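Undergrad: Got a file for you: model_27.txt, compact mmCIF, C-alpha atoms.
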```
# COMPACT_ATOMS: atom_id res chain seq x y z
CA MET A 1 -29.80 -32.59 -52.00
CA ARG A 2 -32.12 -35.40 -52.70
CA VAL A 3 -31.21 -39.00 -52.01
CA THR A 4 -32.96 -42.16 -53.14
CA VAL A 5 -31.96 -45.66 -52.15
CA ILE A 6 -33.43 -48.27 -54.45
CA SER A 7 -33.51 -52.04 -54.06
CA PRO A 8 -34.89 -54.48 -56.65
CA GLU A 9 -38.13 -54.69 -54.71
CA ARG A 10 -38.79 -51.08 -53.88
CA ALA A 11 -37.45 -47.61 -53.20
CA VAL A 12 -36.21 -47.95 -49.65
CA TYR A 13 -35.42 -44.31 -49.00
CA ASP A 14 -36.40 -41.16 -50.77
CA GLY A 15 -35.79 -37.80 -49.17
CA ASP A 16 -33.49 -34.90 -48.48
CA ALA A 17 -30.08 -35.32 -46.96
CA THR A 18 -27.10 -33.21 -46.00
CA ALA A 19 -24.49 -35.87 -46.69
CA VAL A 20 -24.19 -39.50 -47.77
CA VAL A 21 -21.42 -41.97 -47.13
CA VAL A 22 -21.47 -44.75 -49.67
CA PRO A 23 -19.46 -47.97 -49.70
CA ALA A 24 -18.01 -47.87 -53.21
CA TYR A 25 -16.13 -50.79 -54.77
CA ASP A 26 -12.78 -49.35 -53.67
CA GLY A 27 -13.64 -47.76 -50.36
CA LYS A 28 -16.01 -45.29 -48.83
CA VAL A 29 -17.15 -42.26 -50.78
CA GLY A 30 -18.70 -39.22 -49.17
CA ILE A 31 -21.11 -37.11 -51.20
CA LEU A 32 -22.03 -33.58 -50.18
CA PRO A 33 -24.57 -31.32 -51.86
CA ARG A 34 -23.58 -29.88 -55.26
CA HIS A 35 -21.34 -32.79 -56.12
CA ALA A 36 -20.29 -33.10 -59.76
CA PRO A 37 -22.01 -35.76 -61.90
CA PHE A 38 -20.52 -39.01 -60.73
CA MET A 39 -21.03 -42.70 -61.23
CA THR A 40 -19.36 -45.57 -59.52
CA LEU A 41 -19.91 -49.17 -58.55
CA LEU A 42 -20.90 -50.17 -55.05
CA GLY A 43 -19.07 -52.64 -52.92
CA SER A 44 -20.71 -53.95 -49.82
CA GLY A 45 -21.00 -52.27 -46.50
CA GLU A 46 -22.72 -49.58 -44.56
CA LEU A 47 -24.53 -46.73 -46.24
CA VAL A 48 -25.22 -43.68 -44.12
CA VAL A 49 -27.66 -40.95 -45.15
CA ARG A 50 -27.33 -37.90 -42.92
CA GLN A 51 -30.31 -35.65 -42.61
CA GLU A 52 -30.61 -32.38 -40.79
CA SER A 53 -31.62 -34.32 -37.72
CA GLY A 54 -30.20 -37.76 -37.33
CA ALA A 55 -29.15 -40.29 -39.90
CA ALA A 56 -30.45 -43.39 -41.61
CA THR A 57 -28.22 -46.40 -41.96
CA PHE A 58 -28.48 -49.25 -44.43
CA THR A 59 -26.38 -52.23 -45.36
CA VAL A 60 -26.00 -52.50 -49.11
CA ARG A 61 -24.31 -54.81 -51.56
CA GLY A 62 -23.70 -54.60 -55.30
CA GLY A 63 -25.11 -52.02 -57.67
CA PHE A 64 -24.14 -48.49 -58.44
CA LEU A 65 -24.17 -44.90 -57.29
CA GLN A 66 -25.21 -42.05 -59.53
CA VAL A 67 -24.99 -38.35 -58.75
CA ARG A 68 -26.60 -35.85 -61.03
CA ASN A 69 -28.28 -32.46 -60.61
CA ASP A 70 -27.85 -32.60 -56.87
CA THR A 71 -29.68 -35.92 -56.82
CA VAL A 72 -27.97 -38.98 -55.46
CA ARG A 73 -29.24 -42.35 -56.48
CA ILE A 74 -28.02 -45.49 -54.80
CA VAL A 75 -29.17 -48.55 -56.66
CA ALA A 76 -28.18 -51.71 -54.85
CA GLU A 77 -28.88 -55.36 -55.42
CA SER A 78 -29.52 -55.89 -51.76
CA VAL A 79 -30.49 -53.31 -49.17
CA HIS A 80 -31.18 -53.91 -45.50
CA GLN A 81 -32.23 -51.39 -42.92
CA GLY A 82 -29.71 -50.68 -40.23
CA GLY A 83 -25.96 -50.98 -40.02
CA SER A 84 -23.87 -54.08 -39.97
CA MET B 1 -93.20 -83.54 -55.13
CA ALA B 2 -90.08 -85.47 -56.13
CA LYS B 3 -89.19 -82.84 -58.69
CA ALA B 4 -89.43 -79.97 -56.23
CA ARG B 5 -87.19 -81.72 -53.74
CA GLU B 6 -84.65 -82.48 -56.44
CA LEU B 7 -84.64 -78.82 -57.44
CA ARG B 8 -84.22 -77.62 -53.91
CA ARG B 9 -81.18 -79.83 -53.55
CA ARG B 10 -79.60 -78.46 -56.69
CA ILE B 11 -80.24 -74.88 -55.62
CA ARG B 12 -78.50 -75.53 -52.34
CA SER B 13 -75.55 -77.12 -54.12
CA VAL B 14 -75.11 -74.21 -56.53
CA GLU B 15 -75.43 -71.78 -53.63
CA ASN B 16 -72.56 -73.53 -51.88
CA THR B 17 -70.43 -73.35 -54.98
CA ARG B 18 -71.20 -69.68 -55.33
CA GLN B 19 -70.12 -69.11 -51.77
CA ILE B 20 -66.78 -70.73 -52.51
CA THR B 21 -66.11 -68.87 -55.75
CA LYS B 22 -67.12 -65.64 -54.12
CA THR B 23 -64.64 -66.18 -51.32
CA MET B 24 -61.92 -67.05 -53.79
CA GLU B 25 -62.71 -63.90 -55.69
CA MET B 26 -62.26 -61.84 -52.57
CA VAL B 27 -59.01 -63.59 -51.68
CA ALA B 28 -57.70 -63.01 -55.19
CA THR B 29 -58.70 -59.37 -55.00
CA SER B 30 -56.72 -58.76 -51.85
CA LYS B 31 -53.72 -60.73 -53.13
CA LEU B 32 -53.94 -58.86 -56.40
CA LYS B 33 -53.74 -55.58 -54.59
CA ARG B 34 -50.51 -56.56 -52.90
CA ALA B 35 -49.03 -58.12 -56.02
CA GLN B 36 -49.88 -54.99 -57.95
CA ASP B 37 -48.08 -52.86 -55.37
CA ARG B 38 -45.02 -55.06 -55.73
CA VAL B 39 -45.03 -54.62 -59.49
CA ALA B 40 -45.19 -50.85 -59.05
CA ALA B 41 -42.57 -50.81 -56.29
CA ALA B 42 -40.10 -52.74 -58.43
CA ARG B 43 -40.25 -50.15 -61.19
CA PRO B 44 -37.72 -47.55 -59.94
CA TYR B 45 -34.95 -50.15 -59.80
CA ALA B 46 -35.63 -51.40 -63.30
CA ALA B 47 -35.84 -47.85 -64.58
CA ALA B 48 -32.56 -46.90 -62.91
CA LEU B 49 -30.71 -49.86 -64.40
CA ALA B 50 -32.17 -49.24 -67.83
CA GLU B 51 -31.21 -45.60 -67.67
CA LEU B 52 -27.66 -46.37 -66.65
CA LEU B 53 -27.19 -48.90 -69.44
CA ALA B 54 -28.73 -46.57 -71.95
CA ASP B 55 -26.32 -43.85 -70.83
CA LEU B 56 -23.21 -45.97 -71.01
CA TYR B 57 -24.05 -48.31 -73.83
CA SER B 58 -22.29 -48.06 -77.11
CA ARG B 59 -22.43 -50.54 -79.89
CA ASP B 60 -18.79 -51.50 -79.80
CA LEU B 61 -19.26 -52.74 -76.25
CA ALA B 62 -21.12 -55.71 -77.64
CA GLU B 63 -17.91 -57.41 -78.66
CA ARG B 64 -16.36 -57.12 -75.27
CA PHE B 65 -19.12 -58.35 -73.03
CA PRO B 66 -20.31 -61.92 -73.40
CA LEU B 67 -23.78 -61.02 -72.12
CA LEU B 68 -24.27 -58.65 -75.05
CA ARG B 69 -23.01 -61.04 -77.70
CA GLN B 70 -25.53 -61.49 -80.48
CA PRO B 71 -25.47 -64.99 -81.94
CA ALA B 72 -23.67 -65.15 -85.27
CA GLY B 73 -26.23 -66.38 -87.75
CA ALA B 74 -29.13 -68.52 -86.57
CA ALA B 75 -29.23 -69.51 -82.92
CA ARG B 76 -28.30 -73.12 -82.39
CA ARG B 77 -29.47 -73.66 -78.87
CA VAL B 78 -32.00 -71.58 -76.96
CA ALA B 79 -33.24 -71.91 -73.41
CA LEU B 80 -36.93 -71.16 -73.07
CA LEU B 81 -38.32 -70.53 -69.62
CA LEU B 82 -42.01 -70.91 -69.06
CA ILE B 83 -43.51 -69.24 -66.01
CA THR B 84 -46.93 -70.47 -64.97
CA SER B 85 -48.84 -70.45 -61.72
CA ASN B 86 -48.75 -73.17 -59.12
CA ARG B 87 -52.49 -73.20 -58.74
CA GLY B 88 -55.39 -73.49 -61.12
CA LEU B 89 -58.86 -71.96 -61.07
CA CYS B 90 -57.69 -68.90 -62.91
CA GLY B 91 -59.44 -69.31 -66.22
CA ALA B 92 -57.37 -69.58 -69.37
CA PHE B 93 -54.33 -68.01 -67.70
CA ASN B 94 -52.05 -71.03 -67.70
CA GLY B 95 -53.47 -72.34 -70.94
CA ASN B 96 -52.56 -69.10 -72.67
CA LEU B 97 -49.02 -69.20 -71.34
CA ILE B 98 -48.55 -72.80 -72.39
CA ARG B 99 -49.91 -72.08 -75.84
CA GLU B 100 -47.55 -69.13 -76.21
CA ALA B 101 -44.62 -71.32 -75.17
CA ARG B 102 -45.53 -74.08 -77.61
CA GLN B 103 -45.90 -71.56 -80.40
CA ARG B 104 -42.48 -70.12 -79.67
CA MET B 105 -41.00 -73.61 -79.47
CA ALA B 106 -42.49 -74.56 -82.81
CA GLU B 107 -41.15 -71.34 -84.30
CA LEU B 108 -37.64 -71.92 -82.99
CA GLU B 109 -37.56 -75.60 -83.81
CA GLY B 110 -38.90 -74.84 -87.26
CA ALA B 111 -35.82 -72.68 -87.78
CA GLY B 112 -33.60 -75.57 -86.77
CA THR B 113 -32.86 -74.35 -83.27
CA GLU B 114 -32.55 -76.72 -80.40
CA VAL B 115 -34.85 -75.65 -77.57
CA GLU B 116 -34.36 -76.61 -73.98
CA LEU B 117 -37.37 -75.98 -71.87
CA HIS B 118 -37.28 -74.83 -68.27
CA GLY B 119 -40.45 -74.87 -66.23
CA ILE B 120 -41.33 -72.56 -63.37
CA GLY B 121 -44.71 -73.20 -61.78
CA ARG B 122 -46.61 -76.41 -61.32
CA LYS B 123 -49.15 -75.98 -64.10
CA GLY B 124 -46.69 -75.63 -66.96
CA ILE B 125 -44.53 -78.44 -65.64
CA GLY B 126 -47.57 -80.67 -65.31
CA PHE B 127 -48.61 -80.01 -68.87
CA PHE B 128 -45.25 -80.80 -70.40
CA ARG B 129 -44.88 -83.90 -68.29
CA TYR B 130 -48.29 -84.97 -69.60
CA VAL B 131 -47.30 -84.52 -73.25
CA GLY B 132 -44.01 -86.25 -72.53
CA ARG B 133 -41.64 -83.41 -73.22
CA ALA B 134 -38.51 -83.41 -71.11
CA LEU B 135 -37.76 -80.30 -69.08
CA ALA B 136 -34.18 -79.20 -68.55
CA SER B 137 -35.04 -77.86 -65.12
CA GLN B 138 -38.12 -77.20 -63.08
CA ARG B 139 -39.09 -75.20 -60.03
CA GLN B 140 -42.34 -75.22 -58.18
CA ASP B 141 -41.31 -73.38 -55.06
CA ILE B 142 -41.66 -69.83 -56.34
CA GLY B 143 -45.07 -68.85 -55.15
CA ASP B 144 -47.06 -65.65 -54.89
CA ARG B 145 -44.08 -63.65 -53.71
CA PRO B 146 -41.09 -64.01 -56.00
CA THR B 147 -37.90 -62.43 -54.62
CA PRO B 148 -34.79 -61.16 -56.36
CA ALA B 149 -33.05 -64.20 -54.91
CA HIS B 150 -35.37 -66.51 -56.85
CA ALA B 151 -34.57 -64.67 -60.06
CA ALA B 152 -30.85 -64.89 -59.34
CA GLU B 153 -31.05 -68.63 -58.72
CA VAL B 154 -32.88 -69.18 -61.97
CA MET B 155 -30.68 -66.94 -64.09
CA GLY B 156 -27.29 -67.78 -62.54
CA PRO B 157 -26.57 -71.02 -64.35
CA LEU B 158 -28.18 -69.79 -67.56
CA MET B 159 -26.00 -66.66 -67.60
CA ASP B 160 -22.88 -68.76 -67.09
CA ARG B 161 -23.82 -71.09 -69.90
CA PHE B 162 -24.70 -68.20 -72.18
CA ALA B 163 -21.40 -66.48 -71.44
CA GLY B 164 -19.63 -69.78 -72.09
CA GLY B 165 -21.20 -69.98 -75.53
CA GLU B 166 -23.30 -73.03 -74.73
CA LEU B 167 -26.56 -71.16 -75.22
CA ASP B 168 -27.27 -68.64 -77.94
CA ALA B 169 -30.27 -67.05 -76.31
CA VAL B 170 -32.43 -67.19 -73.23
CA GLU B 171 -36.09 -66.33 -73.55
CA VAL B 172 -38.88 -66.31 -71.05
CA VAL B 173 -42.59 -66.79 -71.57
CA TYR B 174 -44.49 -64.85 -68.93
CA ALA B 175 -47.73 -62.98 -68.43
CA GLN B 176 -47.52 -59.26 -68.91
CA PHE B 177 -49.39 -57.36 -66.27
CA LYS B 178 -50.98 -54.57 -68.24
CA SER B 179 -53.96 -54.33 -65.94
CA PRO B 180 -55.83 -56.79 -63.73
CA LEU B 181 -58.09 -57.51 -66.70
CA SER B 182 -55.45 -57.66 -69.39
CA THR B 183 -52.68 -60.16 -68.80
CA PRO B 184 -51.55 -61.32 -72.22
CA PRO B 185 -48.77 -63.91 -72.47
CA ALA B 186 -45.54 -62.60 -73.95
CA VAL B 187 -42.08 -63.77 -74.91
CA MET B 188 -39.14 -61.73 -73.65
CA ARG B 189 -35.58 -62.25 -74.77
CA ILE B 190 -33.40 -61.85 -71.70
CA LEU B 191 -30.10 -62.86 -73.26
CA PRO B 192 -28.35 -61.57 -75.22
CA VAL B 193 -29.14 -58.30 -73.47
CA THR B 194 -31.01 -55.94 -75.71
CA PRO B 195 -29.89 -52.48 -74.71
CA PRO B 196 -32.80 -50.59 -73.21
CA ALA B 197 -34.51 -48.37 -75.73
CA GLY B 198 -34.79 -45.55 -73.19
CA ALA B 199 -31.69 -43.82 -74.54
CA ALA B 200 -33.37 -41.94 -77.35
CA ARG B 201 -36.57 -41.31 -75.48
CA ARG B 202 -35.21 -40.02 -72.22
CA ILE B 203 -33.24 -37.01 -73.30
CA GLY B 204 -34.80 -34.40 -75.52
CA GLY B 205 -31.41 -33.97 -77.18
CA PRO B 206 -30.15 -34.61 -80.66
CA ALA B 207 -30.84 -38.32 -80.31
CA ASP B 208 -34.52 -37.60 -80.64
CA ARG B 209 -34.12 -36.01 -84.01
CA ARG B 210 -32.69 -39.10 -85.59
CA GLY B 211 -36.21 -40.35 -86.15
CA PRO B 212 -37.17 -43.98 -86.00
CA ARG B 213 -33.60 -45.14 -86.47
CA ALA B 214 -32.76 -43.81 -83.04
CA ALA B 215 -34.45 -46.90 -81.61
CA GLN B 216 -31.02 -48.48 -81.87
CA PRO B 217 -29.28 -46.51 -79.12
CA PRO B 218 -26.95 -44.00 -80.68
CA ILE B 219 -23.31 -43.93 -79.85
CA ARG B 220 -22.83 -40.89 -77.72
CA PRO B 221 -20.78 -39.76 -74.78
CA SER B 222 -22.24 -40.63 -71.43
CA ALA B 223 -24.98 -38.08 -70.95
CA PRO B 224 -24.00 -35.30 -68.50
CA ASN B 225 -20.24 -35.86 -68.48
CA TYR B 226 -20.06 -38.14 -65.54
CA ILE B 227 -16.96 -38.80 -63.59
CA LEU B 228 -16.84 -42.55 -64.01
CA ARG B 229 -15.03 -44.84 -61.66
CA PRO B 230 -13.58 -47.32 -62.37
CA SER B 231 -14.54 -46.76 -66.04
CA GLY B 232 -17.66 -46.77 -68.14
CA ASP B 233 -16.83 -50.21 -69.48
CA GLU B 234 -16.29 -51.72 -66.11
CA ILE B 235 -19.48 -50.24 -64.78
CA VAL B 236 -21.43 -51.67 -67.69
CA GLY B 237 -19.76 -55.02 -67.16
CA ALA B 238 -20.73 -55.06 -63.50
CA ILE B 239 -24.27 -53.82 -64.03
CA LEU B 240 -25.24 -56.12 -66.93
CA PRO B 241 -25.77 -59.19 -64.73
CA LEU B 242 -27.94 -57.09 -62.42
CA TYR B 243 -29.99 -56.02 -65.38
CA VAL B 244 -30.40 -59.60 -66.58
CA ARG B 245 -31.47 -60.80 -63.15
CA ASN B 246 -33.87 -57.92 -62.86
CA GLN B 247 -35.51 -58.76 -66.19
CA MET B 248 -36.19 -62.21 -64.80
CA PHE B 249 -37.41 -60.79 -61.52
CA ARG B 250 -39.81 -58.52 -63.35
CA ALA B 251 -41.17 -61.40 -65.37
CA LEU B 252 -41.79 -63.35 -62.15
CA VAL B 253 -43.42 -60.44 -60.36
CA GLU B 254 -45.65 -59.55 -63.29
CA THR B 255 -46.76 -63.12 -63.78
CA ALA B 256 -47.58 -63.43 -60.09
CA ALA B 257 -49.73 -60.31 -60.26
CA ALA B 258 -51.32 -61.39 -63.53
CA GLU B 259 -52.26 -64.72 -62.00
CA GLN B 260 -54.23 -63.02 -59.27
CA GLY B 261 -55.90 -60.75 -61.79
CA ALA B 262 -56.86 -63.71 -63.95
CA ARG B 263 -58.15 -65.61 -60.94
CA ARG B 264 -60.26 -62.73 -59.78
CA THR B 265 -61.84 -62.43 -63.22
CA ALA B 266 -62.43 -66.16 -63.48
CA MET B 267 -63.97 -66.35 -60.03
CA LYS B 268 -66.14 -63.32 -60.66
CA ASN B 269 -67.49 -64.97 -63.80
CA ALA B 270 -68.10 -68.18 -61.91
CA THR B 271 -69.93 -66.34 -59.15
CA ASP B 272 -72.09 -64.50 -61.67
CA SER B 273 -72.90 -67.71 -63.54
CA ALA B 274 -73.84 -69.41 -60.29
CA GLY B 275 -76.18 -66.51 -59.55
CA ASP B 276 -77.85 -66.86 -62.94
CA MET B 277 -78.17 -70.58 -62.45
CA ILE B 278 -79.78 -70.15 -59.05
CA ASP B 279 -82.30 -67.69 -60.51
CA ALA B 280 -83.26 -70.13 -63.25
CA LEU B 281 -83.50 -73.05 -60.85
CA ARG B 282 -85.56 -71.09 -58.38
CA ARG B 283 -88.01 -70.11 -61.08
CA THR B 284 -88.44 -73.72 -62.12
CA PHE B 285 -88.79 -74.70 -58.49
CA ASN B 286 -91.53 -72.14 -57.84
CA ARG B 287 -93.39 -73.29 -60.88
CA ALA B 288 -93.21 -76.90 -59.73
CA ARG B 289 -94.38 -75.93 -56.25
CA GLN B 290 -97.31 -73.96 -57.62
CA ALA B 291 -98.31 -76.78 -59.92
CA GLN B 292 -98.30 -79.13 -56.96
CA ILE B 293 -100.52 -76.85 -54.86
CA THR B 294 -102.94 -76.43 -57.72
CA GLN B 295 -103.09 -80.14 -58.11
CA GLU B 296 -103.70 -80.71 -54.42
CA ILE B 297 -106.56 -78.19 -54.39
CA ALA B 298 -108.05 -79.85 -57.42
CA GLU B 299 -107.85 -83.19 -55.64
CA ILE B 300 -109.47 -81.85 -52.45
CA VAL B 301 -112.27 -80.15 -54.40
CA GLY B 302 -112.75 -83.33 -56.38
CA GLY B 303 -112.89 -85.38 -53.15
CA ALA B 304 -115.41 -82.99 -51.54
CA GLU B 305 -117.63 -83.15 -54.61
CA ALA B 306 -117.57 -86.94 -54.47
CA LEU B 307 -118.57 -86.97 -50.76
CA LYS B 308 -121.52 -84.65 -51.44
CA GLY B 309 -122.57 -87.05 -54.15
```
Kindly transcribe the structure held in the file into structure tokens.
TA:
Amino acid sequence: MRVTVISPERAVYDGDATAVVVPAYDGKVGILPRHAPFMTLLGSGELVVRQESGAATFTVRGGFLQVRNDTVRIVAESVHQGGS
Amino acid sequence: MAKARELRRRIRSVENTRQITKTMEMVATSKLKRAQDRVAAARPYAAALAELLADLYSRDLAERFPLLRQPAGAARRVALLLITSNRGLCGAFNGNLIREARQRMAELEGAGTEVELHGIGRKGIGFFRYVGRALASQRQDIGDRPTPAHAAEVMGPLMDRFAGGELDAVEVVYAQFKSPLSTPPAVMRILPVTPPAGAARRIGGPADRRGPRAAQPPIRPSAPNYILRPSGDEIVGAILPLYVRNQMFRALVETAAAEQGARRTAMKNATDSAGDMIDALRRTFNRARQAQITQEIAEIVGGAEALKG
């Protein structure tokens, strides 16, 4: 599935992934390929994008998550590279 | 001889000026490039927010969210933000923005609306201080690289006051960045939030067939049957402030890019004019020099003739 992480300034990540763990407003949400259309608000915390080899970690705060057509979009008000 | 020397001095002076404007043109070009990239890079976020709001918006939401509240009747009090550059030497750029702002002010005040003016950027602030118009707030520290944090700082208090009913609208005068050569001033209404018009355009569904009336987003179930958590309403409520801040951020980023575009054009014109001026001066100088030589020869010949005498 395709994952994009978007901050107000730019698209921080855009690529394929095997799984994403997203800090939603009420706790962590894991998204695997072929997830049903889904929308939720983000809380703040660590976002992990797992690829076939390795994983990318970001710290995000505020915004929303949208899953549609096997595309995951994480739109956050603030995105930093790396974990917390 | 005096004339030739005078001319040579002027040529040198214009050459120096051309050197400066040429350098400024090159600096503006490189800054423009980066500013342009920032405008483009900020687009996905804006598009994503707009799409989400278009998906979840329905007209009856307007009553529940203060940020969507349309003023009943004529607006009583409007905050007008004017974004200008901090630096000059960019042609009519700031002048155009200020003119646009004054026009909008006259329009609003003509309709009996109280306008409070907020200035961002030294040039606009300087102008209104000069004409003696009080500014409700001013900022000069947002430079070439506006950040989302800047936008949040500017919009925060205004959003609170709008939600509290103190303001009926918030508008911003900024420079649209259509291309480096076309940066027209524009007025954008940030609050109340106008739902993004993308709804009808984005999906080739039945919404499209409603014709021009579809510009007002139709009431429809959230597009592909999303699972919504917590609920559509709450998501809209949480995302609206982000959208508002992003509108402001976009205005700042576009104006910053437009400024560099305008400066590059202005400096290019100045460099070209300096070149023309140098050509004209050099021609006059050559003519003066030639006239002097001719005269000297005539004098020598005359002197030799007299000696032969």
Undergrad: With a cut-off of 9 Å and counting all atoms listed in the file, select all residues of chain A in contact with chain B and give the selection as a list of chain:residue names.
TA: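 Residues satisfying the distance criterion: A:Ile6, A:Ser7, A:Pro8, A:Glu9, A:Arg10, A:Ala11, A:Tyr25, A:Asp26, A:Ala36, A:Pro37, A:Phe38, A:Met39, A:Thr40, A:Leu41, A:Gly62, A:Gly63, A:Phe64, A:Gln66, A:Val67, A:Arg68, A:Arg73, A:Val75, A:Ala76, A:Glu77, A:Ser78.
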Undergrad: Would you place a box with edges along x, y and z of the file around all atoms of range 50-65 of chain A listed there, add 3 Å to each of its six sides, and report the centre and edge lengths in Å to one decimal, as AutoDock Vina command-line options?
TA:
```
--center_x -27.7 --center_y -43.6 --center_z -47.9 --size_x 13.9 --size_y 28.4 --size_z 27.1
```
Undergrad: What is the CA of Gln260 in chain B-CA of Ala50 in chain B distance in Å, reported with one decimal?
TA: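 Separation of CA of Gln260 in chain B and CA of Ala50 in chain B: 27.4 Å.
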Undergrad: Within 12 Å of Ala56 in chain A, counting all atoms listed in the file, which residues qualify if same-chain residues fewer than 3 places away don't, as a list in words?
TA: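 Counting all atoms listed in the file, the residues come to Val3, Thr4, Val5, Val12, Tyr13, Asp14, Gly15, Asp16, Ala17, Thr18, Ala19, Val20, Val21, Glu46, Leu47, Val48, Val49, Arg50, Gln51, Glu52, Ser53, Thr59, His80, Gln81, Gly82 and Gly83 of chain A.
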Undergrad: Env of Ala134 in chain B: 8 Å cut, atoms = all atoms listed in the file, seq-sep filter 4 positions within chain, self excluded. Answer as an MDAnalysis selection string.
TA: chainID B and resid 117 128:129
Undergrad: What is the CA of Arg189 in chain B-CA of Arg77 in chain B distance in Å, reported with one decimal?
TA: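 CA of Arg189 in chain B sits 13.6 Å away from CA of Arg77 in chain B.
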Undergrad: Interatomic distance between CA of Thr29 in chain B and CA of Met267 in chain B?
TA: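 Value for the CA of Thr29 in chain B-CA of Met267 in chain B distance: 10.1 Å.
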Undergrad: For Ala251 in chain B, work out the shell of residues within 8 Å, counting only C-alpha atoms and skipping chain neighbours fewer than 3 positions away, then give it as a list in words.
TA: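 Non-adjacent residues within range: Val172, Tyr174, Ala175, Gln176, Gln247, Met248, Glu254 and Thr255 of chain B.
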Undergrad: Restricting the calculation to all atoms listed in the file: of B:Ala4, B:Val154, B:Ala270, B:Val170, which residue gets closest to Thr23 in chain B?
TA: B:Ala270
Undergrad: When distances are computed from all atoms listed in the file, which of B:Val78, B:Arg12, B:Pro71, B:Lys3 shows the smallest separation from Gln292 in chain B?
TA: B:Lys3
Undergrad: Extract, using only C-alpha atoms, all DNA, RNA and protein residues at most 6 Å from Val60 in chain A, discarding same-chain residues fewer than 3 positions from it, and format them as a PyMOL selection string.
TA: chain A and resi 44-45+78-79
Undergrad: I'd like the contact shell of Arg34 in chain A - 8 Å cut-off, all atoms listed in the file, skipping same-chain residues fewer than 2 positions apart - returned as a list in words.
TA: Met1, Leu32, Ala36, Asn69 and Asp70 of chain A
Undergrad: May I have the protein, DNA and RNA residues with an atom at most 10 Å from (-31.4, -62.6, -76.4), counting all atoms listed in the file in the file's coordinates, returned as a PyMOL selection string?
TA: chain B and resi 67-71+75+78-79+162+167-172+188-194
Undergrad: Measuring atom to atom with only C-alpha atoms, identify which of B:Ile120, B:Ala74, B:Leu7, B:Ile98 is nearest to Leu252 in chain B.
TA: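 Nearest candidate to Leu252 in chain B out of B:Ile120, B:Ala74, B:Leu7, B:Ile98: B:Ile120.
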Undergrad: Considering only C-alpha atoms, state which residue in the set A:Leu42, A:Ile31, A:Ala55, A:Ala24 is at the smallest distance from Val72 in chain A.
TA: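 Smallest distance to Val72 in chain A is found for A:Ile31.
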